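Novice: Take this structure, written in structure tokens, and hold onto it; I'll ask about it next.
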Amino acid sequence: MNILEALQALQRDGIAALEEIRGSGQLPLWYRTYLGRKGRLTQLLRGLGDLSAGERPLAGKRANEVKAALEDAFQARQEHIKAAELEVALSSEQVDVTLPGRPIAPGHLHLVTRTLRRLREIFAEMGFQVYEAPEVETDENNFELLNIPAYHPARDMWDTFWISDEVVLRTHTSPGQIRCMRESHPHPIRVILPGKCYRYEQVTPRSEHQFFQVEGLAVGHNIRLTDLIGTMREFAGKMYGEGRKMRIRGSYFPFTEPSIEVDMDCILCRSEGCRVCKYTGWLEIAGAGMVHPVVLRNGGYDPEEWSGFAFGMGVERPAMLQHGIEDIRYFYGNDLRFLRQF
Ligand code: FA5
């Protein structure tokens, strides 16, 4: 067989072998066999050197034609096979667009935040603005100007974390009263002061070393105890439901005179007596009273001309009552099993 016949046979064999190929996995072997560095065409080309000068151009030209024909056939076959395989893959690995999507777990507001928002809403409806005061306070604002001098026994009950001899983490939101009065004088005031408080506290199911309070302060002319009681009644009805019973008891705070505690009938046992209400049927919701004349004066208001009421309530404890939560420590334990319930 001369070289031209051999080239012809190579082209015929190559194309026939290509037709036999069914999967793209077989393509590289075919390429190595026919067109590779050690493949059949290369071997034939090596024989060109043995030809006479007259035969060589024709054989060279023919070899190039065979090479181009095999390359073209290979490309076409490769494209054909890949398209067929893609089609099979698409039909067997179908995307089911009717499947439900993977849910994205959305975050949500913490129960304390929600309770705070509800409290703000209720007092906003009664015309109270929000006054923000700092959590890091001076001893003067937190105690002295609220009529709690250094020797006062109430300091023990309200002991806190001390930053320095004069600076504390506030024990209650009441020091905000002084800031607000000093900023607002000589205008009347109707604000709530929500925020975090800290205490040197034995942590128990009812008491944390950090918790939220919402303070209320109204200063004006002829403000009376009945205004305070009416405000508390309106709040309790909106927060806990109309028709709930409320009770006022005499109490003592150094910064109010007279001082009261506001109690509600126990939601959990419907006043029949339970562990949470200590079998009294009543739950304390706020400490309150008429702003003490000394405090009014410290805030820049003349007690001969001005009067006011103030109240302070916790946020976690009312939320515990509303949702039947037994332990305040759950609020800041960051256990999602607890947080996700609200
Ligand atoms: C006060 O802090 C007064 N400043 C309230 C006040 C304001 C009275 C204005 C008069 C006029 P008391 O220490 O009772 O009062 O705290 C008020 C509320 O804060 C409590 O009823 C309770 O709901 C919450 N609270 C106090 N200590 C803790 C604690 N350790 N953990 C969780 N909540 C607490």
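Labels for the structure tokens follow display order: chains A, B, ..., residues from 1 in each chain, ligands from 1.
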Given a cut-off of 8 Å, what residues near ligand 1 show up using only C-alpha atoms and all ligand atoms, put as number ranges by chain?
Specialist: A: 157-158, 171-174, 198-199, 201-203, 206-213, 215-217, 253, 255-256, 259-260, 284-291, 309-318, 328
Novice: Please report the interatomic distance between atom CA of Ala89 of chain A and atom CA of Ser24 of chain A in Å with one decimal.
Specialist: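 Atom-to-atom, atom CA of Ala89 of chain A and atom CA of Ser24 of chain A are spaced 13.3 Å apart.
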Novice: Pick out the closest residue to Trp282 of chain A from this set: A:Val295, A:Cys266, A:Cys180, A:Ala218. Count only C-alpha atoms.
Specialist: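 Answer, going by the shortest atom-to-atom distance: A:Cys266.
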Novice: Just want the 9 Å neighbourhood of Thr231 of chain A, counted on only C-alpha atoms, with same-chain residues fewer than 5 positions away dropped. Output as a VMD selection string.
Specialist: chain A and resid 123 126 226 236
Novice: Store the residues picked out above, limited to C-alpha atoms, as an mmCIF file, in the first residue's frame.
Specialist:
```cif
data_model
loop_
_atom_site.group_PDB
_atom_site.id
_atom_site.type_symbol
_atom_site.label_atom_id
_atom_site.label_comp_id
_atom_site.auth_asym_id
_atom_site.auth_seq_id
_atom_site.Cartn_x
_atom_site.Cartn_y
_atom_site.Cartn_z
ATOM 1 C CA PHE A 123 -47.981 56.547 76.876
ATOM 2 C CA MET A 126 -51.652 59.937 76.493
ATOM 3 C CA THR A 226 -55.584 61.810 91.198
ATOM 4 C CA ALA A 236 -53.154 49.336 83.131
#
```
Novice: Give the answer as one residue: which of A:Pro303, A:Pro194, A:Ile148, A:Gly176 has the shortest atom-to-atom distance to Gly220 of chain A, using only C-alpha atoms?
Specialist: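 Result for the nearest residue to Gly220 of chain A: A:Pro303.
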Novice: Go through A:Val88, A:Leu193, A:Leu146, A:Val214 one by one, measure the shortest atom-to-atom distance of each to Glu132 of chain A using only C-alpha atoms, and give the residue with the smallest value.
Specialist: A:Leu193
Novice: As a list in words, which residues of segment 220-249 of chain A does DSSP assign to strand (DSSP E)?
Specialist: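 So, restricting segment 220-249 of chain A to strand (DSSP E), we get Gly220, Met246, Arg247, Ile248 and Arg249 of chain A.
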Novice: Mind giving me the straight-line distance from atom CA of Arg170 of chain A to atom CA of Val219 of chain A in Å, one decimal?
Specialist: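 Separating atom CA of Arg170 of chain A from atom CA of Val219 of chain A is a distance of 22.4 Å.
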Novice: Counting only C-alpha atoms, which residue out of A:Thr42, A:Gly195, A:Ile267, A:Arg247 sits closest to Ile229 of chain A?
Specialist: A:Arg247
Novice: Find the spatial neighbours of Tyr34 of chain A, counting only C-alpha atoms, within a cut-off of 7 Å - ignore same-chain residues fewer than 6 positions away - and output them as a ChimeraX atom specification.
Specialist: /A:14,40-41
Novice: Find the residues near Leu29 of chain A: any atom within 12 Å, counting only C-alpha atoms, skip ones fewer than 6 places away on the same chain, and give them as a list of chain:residue names.
Specialist: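 What passes the distance filter is A:Gly14, A:Ala17, A:Leu18, A:Ile21, A:Gly23, A:Leu35, A:Gly36, A:Lys38, A:Gly39, A:Phe74.
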Novice: Taking the backbone alone, and naming residues the way the document does, which bits of segment 163-326 of chain A are helix (DSSP H, G or I) by DSSP, as a ChimeraX atom specification?
Specialist: /A:175-184,225-240,293-298,316-323
Novice: Find the residues near Ala6 of chain A: any atom within 12 Å, counting only C-alpha atoms, skip ones fewer than 2 places away on the same chain, and give them as JSON, numbers by chain.
Specialist: {"A": [1, 2, 3, 4, 8, 9, 10, 11, 12, 13, 14, 40, 41, 43, 44, 45, 47, 48, 59, 62, 63, 66]}
Novice: Could you check which of A:Trp30, A:Pro254, A:Gln341, A:Trp162 is closest to Asn147 of chain A, using only C-alpha atoms?
Specialist: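 Of all the options, A:Pro254 lies closest to Asn147 of chain A.
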